[in-house]
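Shown next: work.txt, containing compact mmCIF, C-alpha atoms and all ligand atoms.
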```
# COMPACT_ATOMS: atom_id res chain seq x y z
CA MET A 852 143.16 108.72 -166.13
CA THR A 853 144.30 112.03 -164.65
CA SER A 854 146.43 110.36 -162.01
CA LEU A 855 148.23 108.27 -164.64
CA ASN A 856 148.96 111.43 -166.64
CA GLU A 857 150.14 113.22 -163.53
CA ALA A 858 152.40 110.30 -162.70
CA CYS A 859 153.80 110.46 -166.26
CA GLN A 860 154.52 114.15 -165.89
CA ALA A 861 156.23 113.56 -162.58
CA ARG A 862 158.57 111.07 -164.30
CA GLY A 863 159.23 113.45 -167.20
CA MET A 864 157.30 111.17 -169.58
CA SER A 865 154.98 112.38 -172.29
CA GLU A 866 151.26 111.96 -171.57
CA ASP A 867 150.38 111.51 -175.22
CA ALA A 868 153.04 109.45 -176.90
CA PHE A 869 155.52 106.72 -176.08
CA LYS A 870 158.17 108.42 -178.28
CA VAL A 871 158.36 110.69 -181.27
CA CYS A 872 159.69 109.25 -184.53
CA SER A 873 163.46 109.81 -184.75
CA ASN A 874 163.05 110.69 -188.42
CA CYS A 875 159.79 112.58 -189.01
CA LYS A 876 159.00 113.52 -185.35
CA LYS A 877 155.47 112.09 -185.61
CA PRO A 878 154.32 110.77 -182.21
CA ILE A 879 154.38 107.00 -181.64
CA PRO A 880 151.35 106.25 -179.43
CA TYR A 881 151.44 104.15 -176.26
CA GLY A 882 150.48 100.58 -177.12
CA GLY A 883 151.08 101.27 -180.82
CA VAL A 884 153.44 99.74 -183.35
CA TRP A 885 156.85 101.26 -183.96
CA TRP A 886 159.87 100.18 -185.97
CA ALA A 887 163.44 99.68 -184.85
CA CYS A 888 166.56 99.66 -186.99
CA SER A 889 168.40 96.29 -186.82
CA VAL A 890 171.80 97.96 -186.35
CA SER A 891 172.84 97.56 -182.71
CA THR A 892 174.23 101.11 -182.35
CA CYS A 893 170.76 102.46 -183.25
CA ASN A 894 169.30 100.70 -180.19
CA ARG A 895 171.72 101.69 -177.49
CA GLY A 896 170.52 103.31 -174.26
CA LYS A 897 169.59 106.97 -174.29
CA HIS A 898 170.44 107.36 -177.99
CA ALA A 899 168.18 104.56 -179.22
CA LEU A 900 166.16 105.40 -182.33
CA PHE A 901 162.40 104.89 -182.72
CA PHE A 902 160.61 105.05 -186.06
CA CYS A 903 156.93 105.41 -186.90
CA SER A 904 157.19 103.49 -190.17
CA VAL A 905 159.45 101.36 -192.35
CA ASP A 906 159.83 104.42 -194.61
CA CYS A 907 161.31 106.38 -191.73
CA VAL A 908 163.74 103.53 -191.00
CA ASP A 909 164.75 103.65 -194.68
CA SER A 910 165.28 107.42 -194.47
CA HIS A 911 167.78 107.31 -191.61
CA ALA A 912 169.90 104.46 -193.06
CA PRO A 913 171.83 106.51 -195.67
CA VAL A 914 172.34 109.33 -193.15
CA LEU A 915 174.08 106.93 -190.76
CA ARG A 916 175.79 105.13 -193.70
CA HIS A 917 174.37 101.72 -192.81
CA ARG A 918 175.72 99.11 -195.16
CA SER A 919 173.04 96.63 -194.23
CA TYR A 920 170.02 96.96 -191.98
CA TRP A 921 166.37 96.06 -191.78
CA ALA A 922 163.29 97.36 -189.97
CA GLU A 923 162.03 95.38 -186.97
CA GLU A 924 158.43 95.70 -185.84
CA ARG A 925 157.99 96.49 -182.14
CA ARG A 926 155.01 97.16 -179.92
CA ALA A 927 155.17 100.23 -177.67
CA PRO A 928 154.25 99.64 -174.00
CA THR A 929 150.92 100.94 -172.79
CA LYS A 930 151.08 104.11 -170.72
CA ALA A 931 150.72 102.07 -167.51
CA GLU A 932 153.49 99.68 -168.58
CA ALA A 933 155.81 102.53 -169.57
CA LEU A 934 155.16 104.21 -166.23
CA ALA A 935 155.86 100.99 -164.32
CA ALA A 936 159.14 100.56 -166.24
CA ALA A 937 160.17 104.17 -165.55
CA GLU A 938 159.39 103.72 -161.87
CA ALA A 939 161.35 100.47 -161.70
CA GLU A 940 164.29 102.21 -163.38
CA ALA A 941 164.10 105.13 -160.94
CA ARG A 942 163.99 102.69 -158.03
CA ALA A 943 167.02 100.80 -159.36
CA GLU A 944 168.94 104.08 -159.73
CA ARG A 945 168.00 105.12 -156.21
CA GLU A 946 169.17 101.78 -154.82
CA LYS A 947 172.42 102.05 -156.76
CA ALA A 948 172.99 105.54 -155.34
CA GLU A 949 172.25 104.24 -151.85
CA ARG A 950 174.75 101.41 -152.27
CA ALA A 951 177.39 103.86 -153.51
CA GLU A 952 176.69 106.14 -150.54
CA GLU A 953 176.95 103.17 -148.17
CA ALA A 954 180.31 102.16 -149.68
CA ARG A 955 181.52 105.77 -149.41
CA ARG A 956 180.47 105.87 -145.75
CA ARG A 957 182.41 102.69 -145.04
CA VAL A 958 185.54 104.15 -146.63
CA VAL A 959 185.09 107.35 -144.62
CA THR A 960 184.77 105.25 -141.45
CA LEU A 961 187.98 103.50 -142.40
CA SER A 962 189.75 106.82 -143.05
CA ALA A 963 188.68 108.05 -139.62
CA SER A 964 190.16 105.00 -137.92
CA GLU A 965 193.26 105.32 -140.13
CA SER A 966 194.05 108.70 -138.68
CA ARG A 967 194.43 107.01 -135.32
CA GLU A 968 198.11 107.15 -134.40
CA VAL A 969 199.52 103.63 -134.73
CA PRO A 970 203.16 103.13 -133.72
CA ARG A 971 205.40 102.36 -136.68
CA GLU A 972 206.64 99.03 -135.45
CA ILE A 973 208.77 96.53 -137.29
CA LEU A 974 206.40 94.04 -138.92
CA VAL A 975 208.90 91.52 -140.23
CA VAL A 976 210.81 88.87 -138.32
CA ALA A 977 214.37 90.17 -138.75
CA SER A 978 216.13 86.88 -137.98
CA ARG A 979 214.05 84.93 -140.51
CA LEU A 980 214.47 87.56 -143.19
CA LYS A 981 218.21 87.78 -142.65
CA ALA A 982 218.47 83.97 -142.80
CA TYR A 983 216.48 83.93 -146.03
CA VAL A 984 218.68 86.55 -147.68
CA ARG A 985 221.80 84.74 -146.55
CA GLU A 986 220.60 81.40 -147.90
CA ARG A 987 219.53 82.85 -151.22
CA SER A 988 222.54 85.04 -151.86
CA GLY A 989 225.10 84.80 -149.06
CA MET A 990 224.54 88.51 -148.35
CA ASN A 991 224.08 90.27 -145.02
CA THR A 992 221.03 92.47 -144.39
CA SER A 993 221.13 95.90 -142.77
CA ASP A 994 218.65 96.46 -139.91
CA ALA A 995 217.26 99.52 -141.72
CA VAL A 996 215.82 97.15 -144.34
CA MET A 997 213.27 96.01 -141.73
CA ASP A 998 211.94 99.60 -141.40
CA LYS A 999 211.61 100.00 -145.13
CA LEU A 1000 209.95 96.60 -145.61
CA SER A 1001 207.55 97.36 -142.75
CA ASP A 1002 206.52 100.58 -144.55
CA HIS A 1003 205.89 98.57 -147.69
CA LEU A 1004 203.78 96.09 -145.73
CA ARG A 1005 201.76 98.92 -144.18
CA ALA A 1006 201.09 100.39 -147.64
CA LEU A 1007 199.96 97.00 -149.01
CA VAL A 1008 197.71 96.33 -146.03
CA GLU A 1009 196.26 99.86 -146.38
CA VAL A 1010 195.03 98.96 -149.87
CA ALA A 1011 193.77 95.58 -148.62
CA MET A 1012 191.78 97.25 -145.78
CA ARG A 1013 190.15 99.62 -148.26
CA ASN A 1014 189.23 96.71 -150.53
CA ALA A 1015 187.68 94.80 -147.62
CA ALA A 1016 185.75 97.91 -146.46
CA GLU A 1017 184.43 98.55 -149.98
CA ASP A 1018 183.22 94.95 -149.99
CA GLY A 1019 181.46 95.54 -146.66
CA ARG A 1020 183.66 93.05 -144.78
CA LYS A 1021 185.23 93.32 -141.34
CA THR A 1022 187.89 90.78 -142.25
CA VAL A 1023 190.82 91.41 -144.56
CA LEU A 1024 191.21 88.44 -146.91
CA ASP A 1025 194.14 87.32 -149.04
CA ARG A 1026 192.28 88.47 -152.17
CA ASP A 1027 192.19 92.05 -150.81
CA VAL A 1028 195.97 92.27 -150.95
CA PRO A 1029 197.08 93.79 -154.28
CA GLU A 1030 199.06 91.60 -156.65
CA ILE A 1031 202.74 92.53 -157.06
ZN ZN B 1101 158.45 108.77 -188.88
ZN ZN B 1102 169.99 102.54 -187.82
```
Can you present the structure in this file as structure tokens?
Amino acid sequence: MTSLNEACQARGMSEDAFKVCSNCKKPIPYGGVWWACSVSTCNRGKHALFFCSVDCVDSHAPVLRHRSYWAEERRAPTKAEALAAAEAEARAEREKAERAEEARRRVVTLSASESREVPREILVVASRLKAYVRERSGMNTSDAVMDKLSDHLRALVEVAMRNAAEDGRKTVLDRDVPEI
């Protein structure tokens, strides 16, 4: 079983015990019985508690001021099972990191193309906009408004392009445009 132990060491897992009891520090063997507290916060992620006996569950309850709780019997994974789970978790983390890196690369690619000098052209149809303003309010519209609105449009589309790139798309969709 040397290779299994070596693999455990490589993953930072104990060779001898699944966990140590959160109360009395006695080792809980692989494949053995352990006890969980029924309170959800005692079973969360890296801070989950493991107990070697119902007595140890009873000991922690007043410390954490549990109003109501009970001990739940659990079976520890065998060493091989625990190792497989740790390896699956490591793989999942690696894949997540790779996806994050891929998304970062796409954004960097976008930033590089952003720095390309694009002429600041007017992006709105002045006659239509002026007609709209006139119909709605009877007001005239200064030509400088077209510049300002075009800047606003560029800023909105900037956000939309980033959203599309983060999603891995080459097409900007309506849902990429931020809500006003
Ligand atoms: Zn214990
Ligand atoms: Zn608890």
Would you kindly return, as an NGL selection string, each protein, DNA or RNA residue with an atom no farther than 8 Å from any atom of Ile879 (chain A), considering only C-alpha atoms and excluding same-chain residues fewer than 5 positions away?
:A and (868-872 or 884-885 or 902-903 or 927)
Counting only C-alpha atoms and all ligand atoms, what are the residues, protein, DNA or RNA alike, that approach ligand ZN 1102 (chain B) to within 8 Å? I want them as a PyMOL selection string.
chain A and resi 887-894+900+908+911-912+915+917+920
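Around ligand ZN 1101 (chain B), the neighbouring residues within 7 Å, taking all atoms listed in the file, come to Cys872, Ser873, Asn874, Cys875, Lys876, Lys877, Phe902, Cys903, Ser904 and Cys907 of chain A.
Between CA of Glu1030 (chain A) and CA of Leu1007 (chain A) there is a distance of 9.4 Å.
The space separating CA of Met997 (chain A) from CA of Arg1026 (chain A) comes to 24.6 Å.
Using all atoms listed in the file for every distance, the candidate list A:Leu1024, A:Ile1031, A:Val905, A:Leu974 yields A:Val905 as the residue closest to Trp921 (chain A).
The gap separating CA of Arg926 (chain A) from CA of Val914 (chain A) is 25.0 Å, in Å to one decimal.
Counting only C-alpha atoms and comparing A:Gly883, A:Ile973, A:Gly896, A:Ala937, the residue that lies closest to Gly863 (chain A) is A:Ala937.
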Would you mind listing what lies within 8 Å of region 942-958 of chain A as an NGL selection string, with only C-alpha atoms counted and same-chain residues fewer than 5 positions away left out?
:A and (1013 or 1016-1019)
Selection near Thr992 (chain A), 12 Å with only C-alpha atoms, sequence-local residues under 5 positions removed, as a ChimeraX atom specification:
/A:977-987,997-998,1000
Proximity to Glu940 (chain A) - best of A:Val1023, A:Glu968, A:Leu855, A:Arg862, all atoms listed in the file:
A:Arg862
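Shortest atom-to-atom contact with Trp886 (chain A) among A:Arg916, A:Ser865, A:Glu857, A:Glu923: A:Glu923, counting all atoms listed in the file.
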Could you complete region 881-906 of chain A so that it carries N, CA and C atoms, and give it back as an mmCIF file, keeping the file's coordinate frame?
```
data_model
loop_
_atom_site.group_PDB
_atom_site.id
_atom_site.type_symbol
_atom_site.label_atom_id
_atom_site.label_comp_id
_atom_site.auth_asym_id
_atom_site.auth_seq_id
_atom_site.Cartn_x
_atom_site.Cartn_y
_atom_site.Cartn_z
ATOM 1 N N TYR A 881 151.328 105.263 -177.217
ATOM 2 C CA TYR A 881 151.440 104.150 -176.260
ATOM 3 C C TYR A 881 150.630 102.974 -176.793
ATOM 4 N N GLY A 882 151.188 101.783 -176.677
ATOM 5 C CA GLY A 882 150.480 100.580 -177.120
ATOM 6 C C GLY A 882 150.485 100.398 -178.628
ATOM 7 N N GLY A 883 151.086 101.346 -179.363
ATOM 8 C CA GLY A 883 151.080 101.270 -180.820
ATOM 9 C C GLY A 883 152.299 100.537 -181.366
ATOM 10 N N VAL A 884 152.309 100.404 -182.701
ATOM 11 C CA VAL A 884 153.440 99.740 -183.350
ATOM 12 C C VAL A 884 154.511 100.767 -183.667
ATOM 13 N N TRP A 885 155.762 100.409 -183.480
ATOM 14 C CA TRP A 885 156.850 101.260 -183.960
ATOM 15 C C TRP A 885 157.893 100.353 -184.604
ATOM 16 N N TRP A 886 158.881 100.942 -185.239
ATOM 17 C CA TRP A 886 159.870 100.180 -185.970
ATOM 18 C C TRP A 886 161.267 100.530 -185.468
ATOM 19 N N ALA A 887 162.055 99.488 -185.274
ATOM 20 C CA ALA A 887 163.440 99.680 -184.850
ATOM 21 C C ALA A 887 164.364 99.365 -186.012
ATOM 22 N N CYS A 888 165.521 99.983 -186.015
ATOM 23 C CA CYS A 888 166.560 99.660 -186.990
ATOM 24 C C CYS A 888 167.317 98.437 -186.430
ATOM 25 N N SER A 889 167.735 97.521 -187.297
ATOM 26 C CA SER A 889 168.400 96.290 -186.820
ATOM 27 C C SER A 889 169.840 96.522 -186.373
ATOM 28 N N VAL A 890 170.399 97.695 -186.700
ATOM 29 C CA VAL A 890 171.800 97.960 -186.350
ATOM 30 C C VAL A 890 171.892 98.223 -184.838
ATOM 31 N N SER A 891 172.815 97.524 -184.179
ATOM 32 C CA SER A 891 172.840 97.560 -182.710
ATOM 33 C C SER A 891 173.079 98.977 -182.167
ATOM 34 N N THR A 892 173.933 99.759 -182.857
ATOM 35 C CA THR A 892 174.230 101.110 -182.350
ATOM 36 C C THR A 892 173.018 102.036 -182.423
ATOM 37 N N CYS A 893 171.986 101.659 -183.188
ATOM 38 C CA CYS A 893 170.760 102.460 -183.250
ATOM 39 C C CYS A 893 169.802 102.109 -182.119
ATOM 40 N N ASN A 894 170.191 101.159 -181.276
ATOM 41 C CA ASN A 894 169.300 100.700 -180.190
ATOM 42 C C ASN A 894 169.962 100.789 -178.829
ATOM 43 N N ARG A 895 170.940 101.677 -178.727
ATOM 44 C CA ARG A 895 171.720 101.690 -177.490
ATOM 45 C C ARG A 895 171.269 102.808 -176.546
ATOM 46 N N GLY A 896 170.809 102.400 -175.378
ATOM 47 C CA GLY A 896 170.520 103.310 -174.260
ATOM 48 C C GLY A 896 169.761 104.559 -174.613
ATOM 49 N N LYS A 897 170.288 105.699 -174.159
ATOM 50 C CA LYS A 897 169.590 106.970 -174.290
ATOM 51 C C LYS A 897 169.534 107.462 -175.740
ATOM 52 N N HIS A 898 170.404 106.896 -176.608
ATOM 53 C CA HIS A 898 170.440 107.360 -177.990
ATOM 54 C C HIS A 898 169.718 106.421 -178.939
ATOM 55 N N ALA A 899 168.913 105.506 -178.386
ATOM 56 C CA ALA A 899 168.180 104.560 -179.220
ATOM 57 C C ALA A 899 167.218 105.309 -180.147
ATOM 58 N N LEU A 900 167.032 104.769 -181.341
ATOM 59 C CA LEU A 900 166.160 105.400 -182.330
ATOM 60 C C LEU A 900 164.822 104.665 -182.415
ATOM 61 N N PHE A 901 163.761 105.425 -182.607
ATOM 62 C CA PHE A 901 162.400 104.890 -182.720
ATOM 63 C C PHE A 901 161.796 105.448 -183.996
ATOM 64 N N PHE A 902 161.180 104.581 -184.801
ATOM 65 C CA PHE A 902 160.610 105.050 -186.060
ATOM 66 C C PHE A 902 159.133 104.704 -186.146
ATOM 67 N N CYS A 903 158.376 105.611 -186.801
ATOM 68 C CA CYS A 903 156.930 105.410 -186.900
ATOM 69 C C CYS A 903 156.570 104.478 -188.047
ATOM 70 N N SER A 904 157.507 104.293 -188.986
ATOM 71 C CA SER A 904 157.190 103.490 -190.170
ATOM 72 C C SER A 904 158.467 102.913 -190.760
ATOM 73 N N VAL A 905 158.300 101.936 -191.658
ATOM 74 C CA VAL A 905 159.450 101.360 -192.350
ATOM 75 C C VAL A 905 160.111 102.441 -193.222
ATOM 76 N N ASP A 906 159.285 103.333 -193.798
ATOM 77 C CA ASP A 906 159.830 104.420 -194.610
ATOM 78 C C ASP A 906 160.807 105.276 -193.815
#
```
